[in-house]
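Note: the block below is my_file27.cif and it holds mmCIF, C-alpha atoms.
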data_coords
loop_
_atom_site.label_atom_id
_atom_site.label_comp_id
_atom_site.auth_asym_id
_atom_site.auth_seq_id
_atom_site.Cartn_x
_atom_site.Cartn_y
_atom_site.Cartn_z
CA MET A 1 -147.91 -276.74 14.24
CA LYS A 2 -144.93 -274.67 13.03
CA ARG A 3 -143.45 -274.77 16.55
CA VAL A 4 -143.80 -278.56 16.67
CA LEU A 5 -142.19 -278.99 13.25
CA GLY A 6 -139.40 -276.60 14.18
CA PHE A 7 -138.76 -278.49 17.40
CA CYS A 8 -138.64 -281.82 15.54
CA VAL A 9 -136.18 -280.45 12.99
CA ALA A 10 -133.98 -279.05 15.77
CA VAL A 11 -133.97 -282.40 17.58
CA LEU A 12 -133.13 -284.24 14.35
CA LEU A 13 -130.26 -281.87 13.57
CA PHE A 14 -128.91 -282.15 17.12
CA TRP A 15 -129.05 -285.96 16.95
CA SER A 16 -127.35 -285.96 13.55
CA CYS A 17 -124.55 -283.64 14.70
CA ASP A 18 -124.10 -285.61 17.91
CA GLN A 19 -123.88 -288.87 15.94
CA LYS A 20 -121.27 -287.38 13.59
CA SER A 21 -119.27 -286.11 16.55
CA LYS A 22 -119.31 -289.58 18.08
CA ILE A 23 -118.09 -291.14 14.84
CA GLU A 24 -115.28 -288.61 14.49
CA LYS A 25 -114.08 -289.34 18.03
CA GLU A 26 -113.97 -293.05 17.25
CA VAL A 27 -112.18 -292.37 13.96
CA GLU A 28 -109.56 -290.23 15.69
CA ALA A 29 -108.64 -293.14 17.97
CA ILE A 30 -107.88 -295.51 15.08
CA PRO A 31 -104.10 -296.06 14.74
CA VAL A 32 -102.70 -295.38 11.27
CA ASN A 33 -99.04 -295.26 10.33
CA MET A 34 -98.28 -294.63 6.68
CA LYS A 35 -94.91 -294.67 4.96
CA LEU A 36 -94.13 -291.78 2.62
CA VAL A 37 -91.79 -292.22 -0.37
CA ARG A 38 -90.74 -289.12 -2.32
CA PHE A 39 -89.92 -290.68 -5.68
CA GLU A 40 -89.65 -287.35 -7.55
CA GLN A 41 -86.91 -286.22 -5.17
CA ALA A 42 -85.02 -289.48 -5.51
CA PHE A 43 -85.23 -289.34 -9.31
CA PHE A 44 -84.56 -285.69 -10.10
CA GLU A 45 -81.75 -285.39 -7.54
CA THR A 46 -79.96 -288.33 -9.14
CA ASN A 47 -76.85 -288.04 -11.26
CA PRO A 48 -77.49 -289.73 -14.64
CA ASN A 49 -74.55 -292.03 -13.94
CA ASP A 50 -76.40 -293.36 -10.87
CA LEU A 51 -79.67 -294.10 -12.66
CA ALA A 52 -79.23 -297.86 -12.20
CA LYS A 53 -79.37 -297.43 -8.41
CA VAL A 54 -82.68 -295.55 -8.59
CA LYS A 55 -84.13 -298.16 -10.95
CA ALA A 56 -83.13 -300.92 -8.57
CA THR A 57 -84.78 -299.11 -5.64
CA TYR A 58 -88.00 -298.15 -7.48
CA PRO A 59 -88.49 -300.77 -10.24
CA LYS A 60 -92.24 -300.14 -10.54
CA PHE A 61 -91.60 -296.61 -11.83
CA PHE A 62 -89.46 -297.84 -14.73
CA PRO A 63 -91.34 -299.89 -17.36
CA SER A 64 -89.10 -302.50 -18.95
CA ASP A 65 -89.92 -301.38 -22.49
CA ILE A 66 -88.54 -297.86 -21.98
CA PRO A 67 -84.76 -297.53 -22.58
CA ASP A 68 -82.47 -295.78 -20.11
CA SER A 69 -81.81 -293.04 -22.64
CA VAL A 70 -85.35 -291.73 -22.08
CA TRP A 71 -84.75 -291.36 -18.35
CA VAL A 72 -81.32 -289.81 -18.81
CA ASN A 73 -82.74 -287.26 -21.23
CA LYS A 74 -85.47 -286.49 -18.72
CA LEU A 75 -82.90 -285.85 -16.01
CA LYS A 76 -80.98 -283.48 -18.26
CA ASN A 77 -84.01 -281.71 -19.72
CA LYS A 78 -84.35 -278.10 -18.50
CA ASP A 79 -88.16 -278.10 -18.68
CA TRP A 80 -88.46 -281.22 -16.53
CA GLN A 81 -85.94 -279.82 -14.08
CA SER A 82 -87.88 -276.55 -13.97
CA LEU A 83 -91.11 -278.45 -13.25
CA TYR A 84 -89.36 -280.36 -10.48
CA GLN A 85 -88.17 -277.11 -8.92
CA GLU A 86 -91.72 -275.74 -8.96
CA VAL A 87 -93.07 -278.90 -7.33
CA GLU A 88 -90.26 -278.87 -4.78
CA ALA A 89 -90.97 -275.24 -3.88
CA LYS A 90 -94.63 -276.14 -3.27
CA TYR A 91 -94.30 -279.57 -1.67
CA LYS A 92 -90.80 -279.98 -0.27
CA ASP A 93 -92.52 -280.41 3.09
CA PHE A 94 -95.36 -282.88 2.55
CA SER A 95 -96.12 -283.42 6.24
CA SER A 96 -99.47 -281.62 6.32
CA GLU A 97 -100.68 -283.52 3.25
CA GLN A 98 -99.49 -286.80 4.78
CA THR A 99 -101.44 -286.01 7.93
CA GLU A 100 -104.59 -285.42 5.86
CA ILE A 101 -104.11 -288.67 3.97
CA GLU A 102 -103.63 -290.54 7.24
CA ASP A 103 -106.86 -288.99 8.51
CA ILE A 104 -108.62 -290.20 5.35
CA PHE A 105 -107.41 -293.73 6.01
CA LYS A 106 -108.54 -293.57 9.63
CA HIS A 107 -112.01 -292.99 8.18
CA VAL A 108 -111.45 -295.76 5.63
CA LYS A 109 -110.55 -298.23 8.39
CA TYR A 110 -113.61 -297.15 10.41
CA TYR A 111 -115.98 -297.99 7.56
CA PHE A 112 -113.89 -300.74 5.91
CA PRO A 113 -111.86 -302.41 8.71
CA LYS A 114 -110.16 -304.91 6.41
CA VAL A 115 -108.58 -302.23 4.21
CA LYS A 116 -104.87 -301.75 4.90
CA GLU A 117 -103.24 -298.34 4.82
CA PRO A 118 -101.02 -298.03 1.74
CA THR A 119 -97.55 -296.66 1.18
CA ILE A 120 -97.77 -293.11 -0.17
CA TYR A 121 -95.67 -292.38 -3.25
CA THR A 122 -95.32 -288.85 -4.57
CA CYS A 123 -94.06 -288.36 -8.10
CA ILE A 124 -94.07 -286.08 -11.13
CA GLY A 125 -95.99 -287.55 -14.03
CA SER A 126 -96.94 -286.42 -17.50
CA MET A 127 -99.73 -283.92 -16.75
CA ASP A 128 -102.43 -286.56 -17.10
CA HIS A 129 -105.52 -285.08 -15.44
CA MET A 130 -107.17 -288.51 -15.47
CA SER A 131 -104.43 -290.01 -13.29
CA LYS A 132 -103.79 -287.40 -10.62
CA ALA A 133 -104.08 -289.97 -7.83
CA ILE A 134 -103.97 -293.75 -8.16
CA TYR A 135 -104.71 -296.28 -5.42
CA ILE A 136 -103.93 -299.93 -6.15
CA ASN A 137 -102.30 -302.91 -4.44
CA ASN A 138 -101.81 -301.04 -1.15
CA GLU A 139 -100.01 -298.20 -2.89
CA LEU A 140 -101.21 -294.63 -3.26
CA VAL A 141 -99.46 -292.65 -6.00
CA ILE A 142 -99.97 -288.88 -6.21
CA ALA A 143 -98.77 -286.82 -9.20
CA LEU A 144 -97.75 -283.55 -7.57
CA GLU A 145 -97.41 -281.62 -10.83
CA MET A 146 -101.22 -281.62 -10.98
CA TYR A 147 -101.63 -279.50 -7.83
CA LEU A 148 -99.65 -276.31 -8.45
CA GLY A 149 -102.68 -274.00 -8.72
CA LYS A 150 -105.02 -273.53 -11.68
CA ASN A 151 -103.21 -270.47 -13.04
CA HIS A 152 -99.70 -271.92 -12.96
CA LYS A 153 -97.58 -271.24 -16.03
CA PHE A 154 -97.11 -274.95 -16.73
CA TYR A 155 -100.85 -275.34 -17.37
CA THR A 156 -100.95 -272.98 -20.33
CA GLY A 157 -102.98 -274.57 -23.11
CA ILE A 158 -105.03 -276.81 -20.83
CA ASP A 159 -108.77 -276.10 -20.93
CA LYS A 160 -109.97 -273.92 -18.07
CA TYR A 161 -112.63 -276.37 -16.88
CA ILE A 162 -109.95 -279.04 -16.48
CA ARG A 163 -107.29 -276.95 -14.74
CA GLU A 164 -109.87 -275.53 -12.31
CA ASN A 165 -109.23 -278.68 -10.29
CA PHE A 166 -105.44 -278.40 -10.35
CA GLU A 167 -105.60 -276.68 -6.96
CA PRO A 168 -103.83 -278.08 -3.84
CA ARG A 169 -107.21 -278.32 -2.11
CA GLN A 170 -108.34 -280.88 -4.70
CA MET A 171 -105.67 -283.40 -3.75
CA MET A 172 -107.69 -285.07 -0.98
CA PRO A 173 -110.94 -285.32 -2.98
CA ASP A 174 -108.86 -286.95 -5.74
CA VAL A 175 -107.36 -289.38 -3.23
CA VAL A 176 -110.86 -290.38 -2.11
CA ALA A 177 -111.96 -290.79 -5.73
CA ALA A 178 -109.01 -293.15 -6.24
CA ILE A 179 -110.02 -295.13 -3.15
CA GLY A 180 -113.52 -295.37 -4.58
CA PHE A 181 -112.32 -297.61 -7.40
CA THR A 182 -111.37 -300.18 -4.75
CA VAL A 183 -114.28 -300.04 -2.29
CA ILE A 184 -117.23 -299.23 -4.60
CA PRO A 185 -118.40 -302.12 -6.82
CA ARG A 186 -119.36 -301.11 -10.34
CA SER A 187 -123.05 -301.26 -11.20
CA LYS A 188 -124.41 -304.19 -13.21
CA HIS A 189 -126.68 -301.76 -15.08
CA ASP A 190 -125.62 -299.35 -17.83
CA ASP A 191 -128.67 -297.07 -17.86
CA PHE A 192 -128.48 -293.37 -17.04
CA ILE A 193 -129.91 -293.58 -13.52
CA SER A 194 -127.30 -296.20 -12.61
CA GLN A 195 -124.48 -294.07 -14.03
CA MET A 196 -125.64 -291.10 -11.97
CA ILE A 197 -125.95 -293.16 -8.79
CA ASP A 198 -122.57 -294.83 -9.32
CA ALA A 199 -121.04 -291.35 -9.59
CA GLY A 200 -123.10 -290.29 -6.57
CA LYS A 201 -121.60 -293.15 -4.55
CA GLU A 202 -118.15 -291.66 -5.08
CA MET A 203 -119.43 -288.33 -3.79
CA TYR A 204 -121.03 -290.05 -0.78
CA LEU A 205 -117.67 -291.67 -0.07
CA LYS A 206 -116.24 -288.15 0.12
CA ASP A 207 -118.96 -287.29 2.66
CA LEU A 208 -117.66 -290.17 4.75
CA LEU A 209 -113.90 -289.75 4.35
CA ILE A 210 -113.41 -285.98 4.11
CA PRO A 211 -116.37 -284.62 6.12
CA SER A 212 -114.69 -281.24 6.77
CA TYR A 213 -114.57 -280.39 3.05
CA THR A 214 -117.34 -278.30 1.50
CA ASP A 215 -119.71 -279.74 -1.06
CA ALA A 216 -118.14 -277.49 -3.70
CA GLU A 217 -114.68 -278.86 -2.88
CA LYS A 218 -115.92 -282.44 -2.97
CA MET A 219 -117.41 -281.88 -6.42
CA GLY A 220 -114.54 -279.77 -7.69
CA TYR A 221 -117.02 -276.94 -8.31
CA THR A 222 -116.83 -273.24 -7.69
CA PRO A 223 -119.35 -271.94 -5.11
CA GLU A 224 -121.29 -270.42 -8.02
CA GLN A 225 -121.52 -273.78 -9.80
CA LEU A 226 -122.75 -275.47 -6.65
CA LYS A 227 -125.35 -272.73 -6.16
CA PHE A 228 -126.62 -273.30 -9.71
CA CYS A 229 -127.17 -276.99 -8.95
CA GLN A 230 -128.97 -276.25 -5.71
CA GLU A 231 -131.24 -273.61 -7.23
CA ASN A 232 -132.08 -275.62 -10.34
CA GLU A 233 -132.22 -279.16 -8.95
CA GLY A 234 -135.96 -279.51 -9.54
CA TYR A 235 -135.73 -278.21 -13.11
CA VAL A 236 -132.83 -280.53 -13.94
CA TRP A 237 -134.71 -283.52 -12.57
CA GLU A 238 -137.86 -282.55 -14.50
CA ASN A 239 -135.79 -282.39 -17.70
CA PHE A 240 -134.47 -285.90 -17.09
CA ILE A 241 -138.00 -287.21 -16.43
CA VAL A 242 -139.69 -285.45 -19.36
CA ASN A 243 -137.03 -286.68 -21.78
CA LYS A 244 -137.24 -290.23 -20.37
CA TYR A 245 -133.51 -290.37 -19.67
CA LEU A 246 -133.51 -292.35 -16.42
CA TYR A 247 -133.60 -295.87 -17.83
CA SER A 248 -132.10 -294.99 -21.20
CA THR A 249 -128.91 -296.79 -22.21
CA ASP A 250 -127.90 -294.05 -24.65
CA SER A 251 -124.11 -293.85 -24.17
CA LYS A 252 -124.11 -290.13 -25.02
CA LEU A 253 -125.93 -289.24 -21.80
CA ALA A 254 -122.85 -289.92 -19.67
CA ASN A 255 -120.76 -287.48 -21.70
CA ARG A 256 -123.54 -284.91 -21.55
CA PHE A 257 -124.20 -285.05 -17.82
CA VAL A 258 -121.80 -287.29 -15.84
CA ASN A 259 -118.30 -287.18 -17.29
CA MET A 260 -115.83 -284.29 -17.15
CA ALA A 261 -117.01 -281.46 -19.43
CA PRO A 262 -117.02 -277.64 -19.53
CA PHE A 263 -120.82 -277.62 -19.08
CA SER A 264 -123.80 -279.97 -19.08
CA LYS A 265 -125.55 -280.41 -22.41
CA PHE A 266 -129.32 -280.02 -22.20
CA TYR A 267 -129.26 -278.50 -25.70
CA LEU A 268 -130.87 -275.37 -24.31
CA GLU A 269 -129.80 -271.72 -24.30
CA ILE A 270 -128.87 -272.06 -20.63
CA ASP A 271 -126.23 -274.74 -21.29
CA ASN A 272 -123.23 -272.40 -21.01
CA GLU A 273 -124.39 -271.38 -17.53
CA THR A 274 -124.50 -274.97 -16.26
CA PRO A 275 -121.57 -276.76 -14.62
CA GLY A 276 -120.35 -280.02 -16.11
CA ARG A 277 -121.14 -283.33 -14.39
CA ILE A 278 -124.51 -282.14 -13.11
CA GLY A 279 -125.75 -285.75 -13.36
CA GLN A 280 -123.06 -286.72 -10.85
CA TRP A 281 -124.37 -284.07 -8.48
CA VAL A 282 -127.96 -285.36 -8.93
CA GLY A 283 -126.76 -288.90 -8.23
CA TRP A 284 -125.18 -287.62 -5.02
CA GLN A 285 -128.48 -286.07 -3.92
CA ILE A 286 -130.27 -289.36 -4.62
CA ILE A 287 -127.77 -291.15 -2.38
CA ARG A 288 -128.23 -288.56 0.36
CA SER A 289 -132.00 -288.90 0.11
CA PHE A 290 -131.65 -292.67 0.46
CA VAL A 291 -129.50 -292.25 3.58
CA GLU A 292 -132.11 -289.96 5.14
CA ASN A 293 -134.85 -292.49 4.51
CA ASN A 294 -132.98 -295.71 5.34
CA GLU A 295 -131.11 -295.21 8.61
CA LYS A 296 -130.43 -298.91 9.21
CA VAL A 297 -128.41 -299.38 6.00
CA THR A 298 -124.69 -299.09 6.73
CA PRO A 299 -122.38 -297.07 4.45
CA LYS A 300 -120.63 -300.26 3.32
CA GLU A 301 -123.97 -301.86 2.45
CA LEU A 302 -125.09 -298.75 0.61
CA LEU A 303 -121.95 -298.53 -1.53
CA ALA A 304 -122.43 -302.16 -2.58
CA MET A 305 -126.19 -301.82 -3.18
CA ASP A 306 -127.83 -302.07 -6.59
CA ALA A 307 -128.41 -298.63 -8.12
CA HIS A 308 -132.05 -299.33 -8.97
CA ARG A 309 -132.74 -300.41 -5.41
CA ILE A 310 -131.14 -297.23 -4.12
CA PHE A 311 -133.24 -295.10 -6.45
CA GLU A 312 -136.47 -296.84 -5.46
CA GLY A 313 -135.68 -296.50 -1.76
CA SER A 314 -134.47 -292.92 -1.94
CA LYS A 315 -137.90 -291.31 -2.36
CA TYR A 316 -136.04 -288.61 -4.27
CA LYS A 317 -138.43 -285.85 -5.43
CA PRO A 318 -136.74 -282.45 -5.62
CA LYS A 319 -138.95 -279.41 -5.77
CA LYS A 320 -138.54 -276.55 -8.22
CA ASN A 321 -137.65 -273.23 -6.63
CA GLU A 322 -140.33 -270.62 -6.96
#
When written as C-alpha cells, how does the structure in this file appear?
Amino acid sequence: MKRVLGFCVAVLLFWSCDQKSKIEKEVEAIPVNMKLVRFEQAFFETNPNDLAKVKATYPKFFPSDIPDSVWVNKLKNKDWQSLYQEVEAKYKDFSSEQTEIEDIFKHVKYYFPKVKEPTIYTCIGSMDHMSKAIYINNELVIALEMYLGKNHKFYTGIDKYIRENFEPRQMMPDVVAAIGFTVIPRSKHDDFISQMIDAGKEMYLKDLLIPSYTDAEKMGYTPEQLKFCQENEGYVWENFIVNKYLYSTDSKLANRFVNMAPFSKFYLEIDNETPGRIGQWVGWQIIRSFVENNEKVTPKELLAMDAHRIFEGSKYKPKKNE
C-alpha cells in the first residue's frame, strides 16, 4: 500500500511540475515592452530655476495645491539630497528590476490577457510603508526609498516589524500586491473568514506571478516566521474554530490576525513568538487547498470567486503536529 501511495504522489508531483514548466514556457513567449521613467533623477538633478520644465513634463507628480516653494525647498534640502544619493547609489541601474517587472507582466498577460502593461515610474516618496508600490490607470509607481535594506540609517525610528520588509527583495512582492488591487475583486462579506481568504487571494496571485520567490519572501516573513506558521497551522486553526471567529464580523479580528502588526494577538503567552498577519497566511493555505481540490477552476475564476464558496470547496482541515 505504501508503495502504491508513494507512486501516486510521485506521479502527481511530476505532472504538477511538468504543467508548471509548460506554463512558464508559454509565459516566456509573451511579448512585453515597458517604458521606464526615472522621475527621481529628473527631479533631484534639476536646477530650482528649471522647476517649471519638470512640472510641465511630469504634472501628475505635482499636486496643484502645493506651492512651488515646497518643491524648491526640497531640491535645496541636504537631507533630501542625501536620500537621493543613497537611492542613486543603489538603483542608478534599474535594468534588472525592470526585467523582473516585465516578467511579472508576462505572467499577468498570461492569466489576464486584457490587462495592458503599464509605464513604470520610479520616485522618492515620503517613507510611507503603505504606498511602496502603486498600480493604477496603466501606471506603476515604485518608491525606491523604501528598498534600501532594513538596517539603513534612514529607517532609524521605524518599528522593526515594518522595516523588515524594506529589503530590495520585497520590491516584486509589493508590485504584485499593488496589481492585486486591480485584478482581485473585494469580497461582499465582512466576516473573518472572508478577510482571511481575500488576503489569501493576494498571496495566491504571488504564486502565479512570481513563482520563483520563496513562500517567506511572498509573505514578507523570515524563514523562522514561516516555519512557525507551518508547525502550528493546526493549532492556529483550532483556536479560530474554538473561539468561533470564522463568521464573526468583529472588526478587531483583522487587526489581530490579518493586518500589518509585530505579532498576532491570540491573547496567549505565546503571542510574542507569533508572526503578524498569520490570518493572511491561513487564508493562503485555504486558497491552495481549494486549488488542489478543484482543478477545473481557472486562476481568474478563483480570484473572482465568493470567499464562502472557496472555503466550502477547499476542504481545508489542517492537522496538528505531534
Check which residues satisfy the PyMOL selection byres ((chain A and resi 88) around 12) in the file shown, then give them as a ChimeraX atom specification. /A:38-42,44-45,81-87,89-94,122-124,144-145,147-148
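Comparing A:Asn272, A:Gln285, A:Ser248, A:Asn138 by their smallest distance to Thr182 of chain A, the closest is A:Asn138 (using only C-alpha atoms).
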_Given the PyMOL selection byres ((chain A and resi 239) around 12) and the file above, list the residues it selects as an MDAnalysis selection string._
chainID A and resid 232:238 240:246 257 265:268 279 320
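We find atom CA of Asn259 of chain A and atom CA of Gly276 of chain A to be spaced 7.5 Å apart.
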Listed atoms of segment 126-137 of chain A boxed axis-aligned with 5 Å per side, centre + edges as JSON:
{"center_x": -102.1, "center_y": -293.4, "center_z": -11.0, "size_x": 20.2, "size_y": 29.0, "size_z": 23.1}
Can you pull out every residue within 9 Å of Glu273 of chain A, counting only C-alpha atoms, but drop anything in the same chain fewer than 4 positions away, and send it as a PyMOL selection string?
chain A and resi 225+228+263-264+269
inquiry  = Could you check the closest approach to Ala307 of chain A for each of A:Glu97, A:Asp174, A:Asp198, A:Asp207 and tell me which residue wins, using all atoms listed in the file?
reply    =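 Of A:Glu97, A:Asp174, A:Asp198, A:Asp207, the one nearest Ala307 of chain A is A:Asp198, counting all atoms listed in the file.
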Restricting to all atoms listed in the file, whichever of A:Ile210, A:Asn47, A:Tyr221, A:Pro318 is closest to Lys76 of chain A is A:Asn47
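Of the listed residues (A:Ile158, A:Gly149, A:Asn321, A:Ile179), A:Ile179 comes nearest to Asn137 of chain A; the distances count all atoms listed in the file.
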One residue among A:Met130, A:Ile197, A:Met171, A:Leu205 is nearest to Gln280 of chain A when using all atoms listed in the file, and that residue is A:Ile197
key: For Arg277 of chain A, the nearest of the candidates A:Gly220, A:Lys315, A:Glu231, A:Glu26, counting all atoms listed in the file   =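 Among the listed residues, the smallest separation from Arg277 of chain A belongs to A:Gly220.
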Note to self: Quick check on the file I pasted: which residues fall under the PyMOL selection byres ((chain A and resi 117) around 9)? Write them as a list in words.
What the structure shows: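 Applying the PyMOL selection byres ((chain A and resi 117) around 9) to the structure shown produces Val32, Asn33, Met34, Glu102, Phe105, Lys106, Val108, Lys109, Val115, Lys116, Pro118, Thr119, Asn138 and Glu139 of chain A.
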**OP:** For the point (-129.2, -288.7, -8.5) in the file's frame, write as an MDAnalysis selection string all residues with an atom no more than 9 Å away, counting all atoms listed in the file.
**Re:** chainID A and resid 193:194 196:197 199:200 237 279:288 311 316
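Across the structure, atom CA of Ile310 of chain A and atom CA of Phe290 of chain A are spaced 6.5 Å apart.
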Point to revise | Two-atom distance - atom CA of Cys229 of chain A, atom CA of Lys319 of chain A (Å) | key: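 The value is 12.4 Å.
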- [ ] Pull the neighbourhood of (-98.4, -293.0, -9.5) for me: all residues within 10 Å in file coordinates, counting only C-alpha atoms, as a PyMOL selection string.
- [x] chain A and resi 39+60-61+120-125+131-136+139-144
Repair of segment 37-52 of chain A at the level of N, CA and C atoms, as a PDB file, in the frame of the given file:
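File written: result_19.pdb
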ATOM      1  N   VAL A  37     -92.952-292.100   0.512  1.00  0.00           N
ATOM      2  CA  VAL A  37     -91.790-292.220  -0.370  1.00  0.00           C
ATOM      3  C   VAL A  37     -91.833-291.087  -1.394  1.00  0.00           C
ATOM      4  N   ARG A  38     -90.805-290.264  -1.416  1.00  0.00           N
ATOM      5  CA  ARG A  38     -90.740-289.120  -2.320  1.00  0.00           C
ATOM      6  C   ARG A  38     -89.942-289.510  -3.581  1.00  0.00           C
ATOM      7  N   PHE A  39     -90.611-290.188  -4.495  1.00  0.00           N
ATOM      8  CA  PHE A  39     -89.920-290.680  -5.680  1.00  0.00           C
ATOM      9  C   PHE A  39     -89.360-289.545  -6.537  1.00  0.00           C
ATOM     10  N   GLU A  40     -90.117-288.439  -6.683  1.00  0.00           N
ATOM     11  CA  GLU A  40     -89.650-287.350  -7.550  1.00  0.00           C
ATOM     12  C   GLU A  40     -88.344-286.754  -7.039  1.00  0.00           C
ATOM     13  N   GLN A  41     -88.170-286.726  -5.727  1.00  0.00           N
ATOM     14  CA  GLN A  41     -86.910-286.220  -5.170  1.00  0.00           C
ATOM     15  C   GLN A  41     -85.770-287.194  -5.447  1.00  0.00           C
ATOM     16  N   ALA A  42     -86.052-288.472  -5.260  1.00  0.00           N
ATOM     17  CA  ALA A  42     -85.020-289.480  -5.510  1.00  0.00           C
ATOM     18  C   ALA A  42     -84.584-289.475  -6.981  1.00  0.00           C
ATOM     19  N   PHE A  43     -85.547-289.292  -7.882  1.00  0.00           N
ATOM     20  CA  PHE A  43     -85.230-289.340  -9.310  1.00  0.00           C
ATOM     21  C   PHE A  43     -84.510-288.073  -9.773  1.00  0.00           C
ATOM     22  N   PHE A  44     -85.115-286.918  -9.528  1.00  0.00           N
ATOM     23  CA  PHE A  44     -84.560-285.690 -10.100  1.00  0.00           C
ATOM     24  C   PHE A  44     -83.298-285.197  -9.384  1.00  0.00           C
ATOM     25  N   GLU A  45     -82.990-285.743  -8.215  1.00  0.00           N
ATOM     26  CA  GLU A  45     -81.750-285.390  -7.540  1.00  0.00           C
ATOM     27  C   GLU A  45     -80.632-286.377  -7.868  1.00  0.00           C
ATOM     28  N   THR A  46     -80.919-287.295  -8.789  1.00  0.00           N
ATOM     29  CA  THR A  46     -79.960-288.330  -9.140  1.00  0.00           C
ATOM     30  C   THR A  46     -79.041-287.901 -10.286  1.00  0.00           C
ATOM     31  N   ASN A  47     -77.789-288.214 -10.156  1.00  0.00           N
ATOM     32  CA  ASN A  47     -76.850-288.040 -11.260  1.00  0.00           C
ATOM     33  C   ASN A  47     -77.147-289.100 -12.313  1.00  0.00           C
ATOM     34  N   PRO A  48     -77.186-288.739 -13.596  1.00  0.00           N
ATOM     35  CA  PRO A  48     -77.490-289.730 -14.640  1.00  0.00           C
ATOM     36  C   PRO A  48     -76.633-290.990 -14.548  1.00  0.00           C
ATOM     37  N   ASN A  49     -75.427-290.854 -14.059  1.00  0.00           N
ATOM     38  CA  ASN A  49     -74.550-292.030 -13.940  1.00  0.00           C
ATOM     39  C   ASN A  49     -75.028-292.997 -12.865  1.00  0.00           C
ATOM     40  N   ASP A  50     -75.893-292.518 -11.959  1.00  0.00           N
ATOM     41  CA  ASP A  50     -76.400-293.360 -10.870  1.00  0.00           C
ATOM     42  C   ASP A  50     -77.827-293.840 -11.104  1.00  0.00           C
ATOM     43  N   LEU A  51     -78.293-293.724 -12.339  1.00  0.00           N
ATOM     44  CA  LEU A  51     -79.670-294.100 -12.660  1.00  0.00           C
ATOM     45  C   LEU A  51     -79.967-295.555 -12.285  1.00  0.00           C
ATOM     46  N   ALA A  52     -79.009-296.441 -12.481  1.00  0.00           N
ATOM     47  CA  ALA A  52     -79.230-297.860 -12.200  1.00  0.00           C
ATOM     48  C   ALA A  52     -79.622-298.082 -10.740  1.00  0.00           C
TER      49      ALA A  52
END
